[in-house]
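**Student:** Mind looking over this structure? Questions follow.
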Amino acid sequence: MKTLSENIKSGIDYASLSRKNRSRDIIFASLGIIVLFIAITTLVALFLDLAVRGAPRLTDPDFYTSFPSRRPLDAGILSAWVGTIMVMLVTAVIAVPLGIAAGLYLEEYAGKNWLTDVIEVNVSNLAGVPSIVYGLLALGLFVQTFGMGETVLVAGLVLSLLILPIIIVSTREAIRSIPNELREAAYGLGANQWQTMAMYIIPAAKPGIITGAIVGLSRAIGETAPIITIGALSFIAFLPQSPVSGDFPFISFEWLNSGFTVMPIQMFGWVSRPQADFQITAAAAGVVLIVMTLMMNALAIYIRYRARK
Amino acid sequence: MNGMSKFQTTVQDDSEKPMRKASEHLDHWYLEPDSPTRARVSNLKFWYGDGTQAIDDVSMPLIDKKVTALIGPSGCGKSTFLRCFNRMHDLYPGVRYSGEINLLPEDEDLINLDPNIVRMRVGMVFQKPNPFPKSIYENVIAGLRIRGITKRSLLDEIVEDSLSKAALWDEVKDRLHQPALSMSGGQQQRLCIARALAVEPEILLLDEPTSALDPIATAKVEDLINKLAGDVTVLIVTHNMQQAARISDYTAYMYLGKLIEYNKTNDLFTAPRCQRTEDYITGRFG
Ligand SMILES: Nc1ncnc2c1ncn2[C@@H]1O[C@H](COP(=O)(O)OP(=O)(O)O)[C@@H](O)[C@H]1O
Ligand SMILES: [Mg+2]
């Protein structure tokens with residue numbers, strides 16, 4: 001008489017089982033590669049298409065140093081890239097410290113009660129709110145109620161609101177990913193909460209926090225809808241006042257109240273022009289915008305890589 | 001207060017007749033009359049945030065500058081008990097203590113002190129080596145940085161001193177500024193001990209400090225704990241009875257959150273007074 005386990009064993013064909021598992025692995029791996037290939041080729045094709053179409057303007061140094069113009073082949077992106085950098089600067093200065101502080105507070109300091117639960121759910125949901133809704137909020141609040149106008153500052157504020165949830169959530173995740181042992185090691189030596197945070201947790205979570213901030217900023221750089229909503233123009237033939245000057249007090253914040261345009265709006269403006277040549281200019285602006293975004297992401301990857309070493 | 005008076009009676013009784021006292025809680029006590037006590041646990045109970053009671057009415061002394069081992073089957077509350085001594089539990093919400101852990105001779109109940117102050121005075125070494133992701137040097141002086149000590153010459157001196165006490169100085173003196181995480185597990189654990197010693201703790205807690213180490217590293221750490229006795233009051237959790245026998249002066253056997261027997265290590269292992277202790281140490285149970 002065979003025992004139960006012998007019966008089970010004799011029923012298993014190890015060779016065919018392993019063959020079956022291996023073929024499943026192969027199928028899944030090939031599927032993955034195909035999907036990856038489709039995604040990457042699409043992206044590369046789009047980028048190359050833009051680059052080829054925009055080549056005549058991309059290779060012209062004047063493109064980067066001239067204002068927009070009614071003549072498509074004279075139009076440049078000077079006011080757009082300067083505007084983008086200024087708006088991003090405002091966004092970074094507002095959203096990054098605020099987001100990190102909020103994330104830190106929620107993760108480490110806030111008690112666990114219904115209020116923090118409500119805040120937590122809302123922060124996660126805010127990350128999914130369509131950006132145009134933020135634009136409407138800013139239009140109603142900053143532009144109309146506060147009468148701030150369509151300025152660099154307002155654009156920075158609305159983009160800050162937009163990416164704040166991203167930064168908060170990624171800060172919390174970065175802090176949560178620090179093993180508890182590290183925390184207990186610090187507290188065990190007599191560190192208070194602030195010392196534990198400042199000396200051990202934040203430095204260890206820094207790569208994750210910075211990556212989150214950059215991912216948020218690179219989302220902001222391409223946002224068009226909220227900026228259009230607050231009423232930014234695509235034809236700006238001047239630069240905001242320089243933040244530094246030769247005269248006392250050397251630093252000026254006048255640029256915050258200046259009108260502006262940014263890369264995606266400039267591009268959007270050109271795309272909607274009837275002249276065919278403006279499509280070339282728009283494509284070239286698109287390439288510059290993509291490169292700006294890629295550079296920010298590359299920075300995020302570099303920081304993560306360096307931290308892991 | 002109640003626990004304290006009981007304790008004093010015990011000492012007096014012991015001084016006349018150095019055996020145990022018949023009082024209910026202190027049944028399992030044995031206290032050498034001439035050893036000063038560093039801390040006295042009286043009727044300690046502890047509950048986790050989820051309501052689990054992990055320590056049930058434990059009373060025992062912690063003898064000054066001796067090694068006291070906590071033994072008992074897994075889950076009996078050894079770590080929980082140990083972590084009451086530096087109020088580590090207070091980092092988590094909803095925990096509750098009752099009873100006292102009095103530091104002597106100052107007679108301060110550390111359950112009622114500021115947990116931060118307690119952790120400044122009571123050092124801890126964890127089961128898994130947990131050096132900070134910084135240099136060896138920075139790890140040793142971490143506790144001093146926390147206390148705001150910045151004088152370089154003093155720090156250098158303490159680093160050498162602590163690493164020597166932890167039997168690590170010769171191995172690392174040429175690479176003090178390399179990352180602590182590049183060391184072996186055994187070295188990391190000795191670094192954690194040096195880090196704890198650098199701030200001269202009044203009591204040093206060790207929670208199964210060798211359970212993640214190989215036999216050679218374990219021997220080194222045991223050696224080091226042996227050397228510490230006489231300088232520091234040590235409370236160590238171990239699930240390894242041979243280890244308890246090798247390194248400790250006093251042993252407490254815990255079971256299901258209760259203290260079953262507390263005695264001089266030698267006496268507890270050779271002549272246990274409780275049947276349950278005997279079953280455990282002879283391997284019939286646990
Ligand atoms: N964080 C916790 N929350 C609730 N119960 C816990 C927690 N940690 C440990 N316990 C329980 O407390 C008891 C004692 O655990 P522990 O002190 O870790 O035991 P030991 O160190 O002796 O193995 C166990 O029953 C365990 O399940
Ligand atoms: Mg344990």
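In the structure tokens, each chain is lettered A, B, ... as it comes, each chain's residues begin at 1, and ligands are numbered from 1 in order of appearance.
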Skip Met292 in chain A itself and residues of its chain fewer than 6 positions away, then list as a PDB file with C-alpha atoms, in the first residue's frame all residues within 12 Å of it, counting only C-alpha atoms.
**Tutor:**
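Output file around.pdb is given in full below:
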ATOM      1  CA  TRP A  81      12.394  80.273 -20.919  1.00  0.00           C
ATOM      2  CA  THR A  84       9.669  79.389 -16.927  1.00  0.00           C
ATOM      3  CA  ILE A  85      12.797  79.671 -14.827  1.00  0.00           C
ATOM      4  CA  MET A  88       9.835  77.549 -11.292  1.00  0.00           C
ATOM      5  CA  LEU A 217       8.824  70.493 -10.029  1.00  0.00           C
ATOM      6  CA  SER A 218       9.168  68.629 -13.291  1.00  0.00           C
ATOM      7  CA  ARG A 219       5.432  68.137 -13.274  1.00  0.00           C
ATOM      8  CA  ALA A 220       5.002  71.877 -12.709  1.00  0.00           C
ATOM      9  CA  ILE A 221       7.325  72.867 -15.532  1.00  0.00           C
ATOM     10  CA  GLY A 222       5.037  71.396 -18.175  1.00  0.00           C
ATOM     11  CA  MET A 263       7.392  77.475 -22.300  1.00  0.00           C
ATOM     12  CA  PRO A 264       4.200  75.407 -22.575  1.00  0.00           C
ATOM     13  CA  ALA A 285       9.939  75.044 -28.280  1.00  0.00           C
ATOM     14  CA  GLY A 286       8.576  71.580 -27.495  1.00  0.00           C
ATOM     15  CA  ALA A 298      18.176  63.253 -14.699  1.00  0.00           C
ATOM     16  CA  LEU A 299      19.133  65.353 -11.691  1.00  0.00           C
TER      17      LEU A 299
END
**Student:** Step by step, measure atom-to-atom distances between ligand 2 and each residue using only C-alpha atoms and all ligand atoms, keep those at most 8 Å, then write them as a list in words.
**Tutor:**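 Listing the residues within 8 Å of ligand 2 gives Ser74, Gly75, Gly77, Lys78, Ser79, Thr80, Gln127, Asp207, Glu208 and Val237 of chain B.
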**Student:** Run DSSP on the backbone and grab whatever in range 4-237 of chain B lands in alpha helix (DSSP H); send it over as a ChimeraX atom specification.
**Tutor:** /B:4-16,78-84,115-121,136-140,142-146,152-165,169-172,185-197,215-228
**Student:** Distance table requested - chain A against chain B, cut-off 12 Å, only C-alpha atoms: one row per qualifying residue with the closest atom pair and its distance in Å to one decimal, ordered by chain and rising residue number, as JSON lines.
**Tutor:**
{"residue": "A:Glu108", "atom": "CA", "partner": "B:Leu91", "partner_atom": "CA", "distance": 10.7}
{"residue": "A:Tyr109", "atom": "CA", "partner": "B:Leu91", "partner_atom": "CA", "distance": 11.4}
{"residue": "A:Ala110", "atom": "CA", "partner": "B:Pro93", "partner_atom": "CA", "distance": 11.8}
{"residue": "A:Gly111", "atom": "CA", "partner": "B:Pro93", "partner_atom": "CA", "distance": 8.9}
{"residue": "A:Lys112", "atom": "CA", "partner": "B:Pro93", "partner_atom": "CA", "distance": 8.7}
{"residue": "A:Asn113", "atom": "CA", "partner": "B:Pro93", "partner_atom": "CA", "distance": 11.4}
{"residue": "A:Ile178", "atom": "CA", "partner": "B:Pro133", "partner_atom": "CA", "distance": 11.3}
{"residue": "A:Pro179", "atom": "CA", "partner": "B:Asn130", "partner_atom": "CA", "distance": 9.7}
{"residue": "A:Asn180", "atom": "CA", "partner": "B:Asn130", "partner_atom": "CA", "distance": 9.8}
{"residue": "A:Glu181", "atom": "CA", "partner": "B:Asn130", "partner_atom": "CA", "distance": 6.2}
{"residue": "A:Leu182", "atom": "CA", "partner": "B:Asn130", "partner_atom": "CA", "distance": 6.4}
{"residue": "A:Arg183", "atom": "CA", "partner": "B:Leu91", "partner_atom": "CA", "distance": 9.5}
{"residue": "A:Glu184", "atom": "CA", "partner": "B:Met88", "partner_atom": "CA", "distance": 7.6}
{"residue": "A:Ala185", "atom": "CA", "partner": "B:Asn130", "partner_atom": "CA", "distance": 6.6}
{"residue": "A:Ala186", "atom": "CA", "partner": "B:Gly143", "partner_atom": "CA", "distance": 8.2}
{"residue": "A:Tyr187", "atom": "CA", "partner": "B:Arg119", "partner_atom": "CA", "distance": 7.2}
{"residue": "A:Gly188", "atom": "CA", "partner": "B:Arg119", "partner_atom": "CA", "distance": 5.7}
{"residue": "A:Leu189", "atom": "CA", "partner": "B:Gly143", "partner_atom": "CA", "distance": 5.4}
{"residue": "A:Gly190", "atom": "CA", "partner": "B:Met120", "partner_atom": "CA", "distance": 4.3}
{"residue": "A:Ala191", "atom": "CA", "partner": "B:Ile146", "partner_atom": "CA", "distance": 5.7}
{"residue": "A:Asn192", "atom": "CA", "partner": "B:Asn116", "partner_atom": "CA", "distance": 6.3}
{"residue": "A:Gln193", "atom": "CA", "partner": "B:Asn116", "partner_atom": "CA", "distance": 9.3}
{"residue": "A:Trp194", "atom": "CA", "partner": "B:Ile146", "partner_atom": "CA", "distance": 10.5}
{"residue": "A:Gln195", "atom": "CA", "partner": "B:Ile146", "partner_atom": "CA", "distance": 7.0}
{"residue": "A:Thr196", "atom": "CA", "partner": "B:Ile146", "partner_atom": "CA", "distance": 8.9}
{"residue": "A:Met197", "atom": "CA", "partner": "B:Ile146", "partner_atom": "CA", "distance": 11.8}
{"residue": "A:Ala198", "atom": "CA", "partner": "B:Ile146", "partner_atom": "CA", "distance": 10.9}
{"residue": "A:Met199", "atom": "CA", "partner": "B:Ile146", "partner_atom": "CA", "distance": 8.8}
{"residue": "A:Tyr200", "atom": "CA", "partner": "B:Phe132", "partner_atom": "CA", "distance": 7.6}
{"residue": "A:Ile201", "atom": "CA", "partner": "B:Phe132", "partner_atom": "CA", "distance": 10.0}
{"residue": "A:Pro203", "atom": "CA", "partner": "B:Pro133", "partner_atom": "CA", "distance": 9.5}
{"residue": "A:Ala204", "atom": "CA", "partner": "B:Pro133", "partner_atom": "CA", "distance": 7.8}
{"residue": "A:Ala205", "atom": "CA", "partner": "B:Pro133", "partner_atom": "CA", "distance": 11.4}
{"residue": "A:Ala307", "atom": "CA", "partner": "B:Pro133", "partner_atom": "CA", "distance": 11.1}
{"residue": "A:Arg308", "atom": "CA", "partner": "B:Pro133", "partner_atom": "CA", "distance": 11.2}
{"residue": "A:Lys309", "atom": "CA", "partner": "B:Pro179", "partner_atom": "CA", "distance": 11.4}
**Student:** Determine which residues of range 239-279 of chain B DSSP labels as strand (DSSP E or B) from the backbone of this structure, then write them out as a list in words.
**Tutor:**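 The strand (DSSP E or B) residues within range 239-279 of chain B come out as Tyr250, Thr251, Ala252, Tyr253, Met254, Tyr255, Lys258, Leu259, Ile260, Glu261, Tyr262, Asn263 and Lys264 of chain B.
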**Student:** Go ahead and write the selection's residues with C-alpha atoms as an mmCIF file, in the first residue's frame.
**Tutor:**
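Result file follows (out.cif):
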data_model
loop_
_atom_site.group_PDB
_atom_site.id
_atom_site.type_symbol
_atom_site.label_atom_id
_atom_site.label_comp_id
_atom_site.auth_asym_id
_atom_site.auth_seq_id
_atom_site.Cartn_x
_atom_site.Cartn_y
_atom_site.Cartn_z
ATOM 1 C CA TYR B 250 22.377 37.321 38.445
ATOM 2 C CA THR B 251 19.667 35.714 36.367
ATOM 3 C CA ALA B 252 15.950 36.305 36.165
ATOM 4 C CA TYR B 253 13.752 33.678 34.569
ATOM 5 C CA MET B 254 10.551 35.047 33.050
ATOM 6 C CA TYR B 255 7.550 33.221 31.773
ATOM 7 C CA LYS B 258 5.844 37.097 35.045
ATOM 8 C CA LEU B 259 9.094 36.783 36.908
ATOM 9 C CA ILE B 260 9.334 33.164 37.985
ATOM 10 C CA GLU B 261 12.693 33.126 39.664
ATOM 11 C CA TYR B 262 15.485 35.546 40.357
ATOM 12 C CA ASN B 263 18.760 34.453 41.864
ATOM 13 C CA LYS B 264 22.483 34.492 41.597
#
**Student:** Skip Ile158 in chain B itself and residues of its chain fewer than 2 positions away, then list as a PyMOL selection string all residues within 12 Å of it, counting only C-alpha atoms.
**Tutor:** chain B and resi 137-144+149-156+160-166+169+194-200
**Student:** Go ahead and write the residues just picked, N, CA, C and O atoms, as a short mmCIF file (atom, residue, chain, number, x, y, z; two decimals), in the first residue's frame.
**Tutor:**
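Dumped to out.cif:
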data_model
loop_
_atom_site.label_atom_id
_atom_site.label_comp_id
_atom_site.auth_asym_id
_atom_site.auth_seq_id
_atom_site.Cartn_x
_atom_site.Cartn_y
_atom_site.Cartn_z
N TYR B 137 33.75 57.00 13.51
CA TYR B 137 33.98 58.06 14.48
C TYR B 137 32.68 58.75 14.86
O TYR B 137 32.35 58.90 16.05
N GLU B 138 31.91 59.13 13.84
CA GLU B 138 30.65 59.84 14.11
C GLU B 138 29.69 58.97 14.91
O GLU B 138 28.91 59.47 15.71
N ASN B 139 29.73 57.66 14.67
CA ASN B 139 28.85 56.78 15.43
C ASN B 139 29.19 56.79 16.91
O ASN B 139 28.31 56.87 17.75
N VAL B 140 30.50 56.73 17.20
CA VAL B 140 30.88 56.67 18.61
C VAL B 140 30.48 57.96 19.33
O VAL B 140 30.01 57.92 20.46
N ILE B 141 30.62 59.08 18.64
CA ILE B 141 30.35 60.34 19.33
C ILE B 141 28.91 60.81 19.17
O ILE B 141 28.56 61.91 19.61
N ALA B 142 28.06 59.96 18.58
CA ALA B 142 26.67 60.39 18.33
C ALA B 142 26.00 60.89 19.60
O ALA B 142 25.37 61.95 19.61
N GLY B 143 26.15 60.14 20.69
CA GLY B 143 25.50 60.53 21.93
C GLY B 143 26.06 61.83 22.49
O GLY B 143 25.36 62.59 23.14
N LEU B 144 27.35 62.07 22.21
CA LEU B 144 27.96 63.31 22.70
C LEU B 144 27.48 64.49 21.89
O LEU B 144 27.24 65.58 22.42
N ILE B 149 28.20 68.22 23.04
CA ILE B 149 29.64 68.28 23.29
C ILE B 149 30.37 68.36 21.96
O ILE B 149 30.16 67.54 21.07
N THR B 150 31.21 69.39 21.79
CA THR B 150 31.83 69.59 20.48
C THR B 150 33.36 69.69 20.56
O THR B 150 34.02 69.72 19.53
N LYS B 151 33.91 69.73 21.76
CA LYS B 151 35.35 69.93 21.88
C LYS B 151 36.10 68.75 21.27
O LYS B 151 35.99 67.61 21.74
N ARG B 152 36.87 69.06 20.24
CA ARG B 152 37.48 68.01 19.43
C ARG B 152 38.39 67.09 20.24
O ARG B 152 38.34 65.87 20.10
N SER B 153 39.22 67.68 21.08
CA SER B 153 40.19 66.85 21.80
C SER B 153 39.47 65.88 22.73
O SER B 153 39.86 64.71 22.86
N LEU B 154 38.38 66.38 23.33
CA LEU B 154 37.60 65.53 24.22
C LEU B 154 36.95 64.39 23.43
O LEU B 154 36.99 63.22 23.83
N LEU B 155 36.40 64.74 22.27
CA LEU B 155 35.74 63.72 21.44
C LEU B 155 36.76 62.65 21.02
O LEU B 155 36.48 61.45 21.13
N ASP B 156 37.93 63.10 20.57
CA ASP B 156 38.95 62.14 20.15
C ASP B 156 39.29 61.17 21.27
O ASP B 156 39.41 59.97 21.07
N GLU B 160 38.61 56.99 21.37
CA GLU B 160 39.62 55.95 21.61
C GLU B 160 39.24 55.11 22.84
O GLU B 160 39.30 53.89 22.82
N ASP B 161 38.81 55.82 23.87
CA ASP B 161 38.48 55.15 25.11
C ASP B 161 37.31 54.17 24.92
O ASP B 161 37.38 53.00 25.33
N SER B 162 36.26 54.63 24.27
CA SER B 162 35.07 53.78 24.11
C SER B 162 35.35 52.61 23.19
O SER B 162 34.92 51.49 23.45
N LEU B 163 36.08 52.88 22.10
CA LEU B 163 36.38 51.79 21.18
C LEU B 163 37.29 50.76 21.85
O LEU B 163 37.18 49.56 21.59
N SER B 164 38.17 51.23 22.72
CA SER B 164 39.03 50.29 23.44
C SER B 164 38.19 49.44 24.39
O SER B 164 38.36 48.21 24.45
N LYS B 165 37.28 50.09 25.10
CA LYS B 165 36.41 49.33 26.00
C LYS B 165 35.61 48.30 25.23
O LYS B 165 35.33 47.21 25.73
N ALA B 166 35.22 48.64 24.01
CA ALA B 166 34.43 47.72 23.20
C ALA B 166 35.32 46.76 22.41
O ALA B 166 34.83 46.08 21.49
N TRP B 169 39.14 49.03 19.15
CA TRP B 169 40.09 50.09 18.79
C TRP B 169 41.16 49.60 17.82
O TRP B 169 41.40 50.21 16.79
N ALA B 194 30.18 50.46 21.86
CA ALA B 194 31.06 51.62 22.10
C ALA B 194 30.24 52.91 22.10
O ALA B 194 30.46 53.80 22.93
N ARG B 195 29.30 52.99 21.18
CA ARG B 195 28.45 54.18 21.08
C ARG B 195 27.65 54.37 22.36
O ARG B 195 27.50 55.49 22.85
N ALA B 196 27.16 53.25 22.90
CA ALA B 196 26.39 53.35 24.15
C ALA B 196 27.31 53.70 25.32
O ALA B 196 26.93 54.47 26.21
N LEU B 197 28.54 53.15 25.32
CA LEU B 197 29.45 53.39 26.44
C LEU B 197 30.01 54.80 26.44
O LEU B 197 30.38 55.33 27.49
N ALA B 198 30.07 55.41 25.25
CA ALA B 198 30.71 56.73 25.13
C ALA B 198 30.04 57.77 26.03
O ALA B 198 30.68 58.73 26.43
N VAL B 199 28.77 57.60 26.32
CA VAL B 199 28.08 58.58 27.16
C VAL B 199 27.97 58.12 28.60
O VAL B 199 27.20 58.67 29.38
N GLU B 200 28.77 57.11 28.95
CA GLU B 200 28.85 56.62 30.33
C GLU B 200 27.47 56.40 30.96
O GLU B 200 27.08 57.09 31.89
#
**Student:** Measuring atom to atom with only C-alpha atoms and all ligand atoms, identify which of B:Leu44, B:Cys76, B:Leu191, B:Val58 is nearest to ligand 1.
**Tutor:**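 The answer is B:Cys76, which sits nearest to ligand 1.
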**Student:** Measuring between only C-alpha atoms and all ligand atoms, which one of B:Pro105, B:His239, B:Thr210, B:Met183 shows the shortest distance to ligand 1?
**Tutor:** B:His239
**Student:** Just the residues within 8 Å of Leu62 in chain B, please, counting only C-alpha atoms, with nothing from its chain fewer than 2 positions along; format it as a PyMOL selection string.
**Tutor:** chain B and resi 37-41+60+64+68+233+235
**Student:** Residues as selected, N, CA and C atoms, written as a compact mmCIF listing (two decimals), in the first residue's frame, can you do that?
**Tutor:**
# COMPACT_ATOMS: atom_id res chain seq x y z
N THR B 37 22.20 48.05 45.39
CA THR B 37 21.23 47.91 44.32
C THR B 37 21.23 49.18 43.49
N ARG B 38 21.26 49.04 42.17
CA ARG B 38 21.26 50.22 41.30
C ARG B 38 19.85 50.63 40.95
N ALA B 39 18.99 49.64 40.79
CA ALA B 39 17.60 49.95 40.47
C ALA B 39 16.73 48.88 41.08
N ARG B 40 15.53 49.28 41.44
CA ARG B 40 14.64 48.34 42.09
C ARG B 40 13.30 48.39 41.37
N VAL B 41 12.92 47.26 40.81
CA VAL B 41 11.65 47.18 40.09
C VAL B 41 10.60 46.71 41.08
N MET B 60 11.99 43.03 41.07
CA MET B 60 13.33 42.47 41.25
C MET B 60 14.33 43.60 41.37
N ASP B 64 24.13 46.72 41.37
CA ASP B 64 25.07 47.70 40.84
C ASP B 64 26.33 47.03 40.29
N THR B 68 23.14 41.31 34.95
CA THR B 68 21.92 40.57 35.23
C THR B 68 21.36 40.08 33.91
N THR B 233 26.45 48.82 35.23
CA THR B 233 25.36 47.93 35.59
C THR B 233 24.72 47.44 34.29
N LEU B 235 22.06 44.97 32.12
CA LEU B 235 20.89 44.10 32.07
C LEU B 235 20.83 43.56 30.65
**Student:** CA of Gly140 in chain A and CA of Val121 in chain A are how many Å apart?
**Tutor:**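 Between these atoms lies a distance of 24.8 Å.
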**Student:** List the neighbours of Gly54 in chain A out to 7 Å using only C-alpha atoms; skip same-chain residues closer than 4 positions along the sequence, and give me the result as a list of chain:residue names.
**Tutor:** A:Leu50, A:Leu58, A:Ile280, A:Thr281, A:Ala283, A:Ala284
**Student:** Using only C-alpha atoms, which residue out of A:Gln279, A:Ser23, A:Asn257, A:Thr171 lies closest to Val90 in chain A?
**Tutor:**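 Smallest distance to Val90 in chain A is found for A:Asn257.
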**Student:** Please measure the separation of CA of Val172 in chain B and CA of Gly185 in chain B, giving the value in Å to one decimal.
**Tutor:**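 Spanning CA of Val172 in chain B to CA of Gly185 in chain B is a straight-line distance of 13.8 Å.
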**Student:** May I ask for the distance between CA of Ile101 in chain B and CA of Ala212 in chain B, given in Å to one decimal place?
**Tutor:**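 The value is 29.4 Å.
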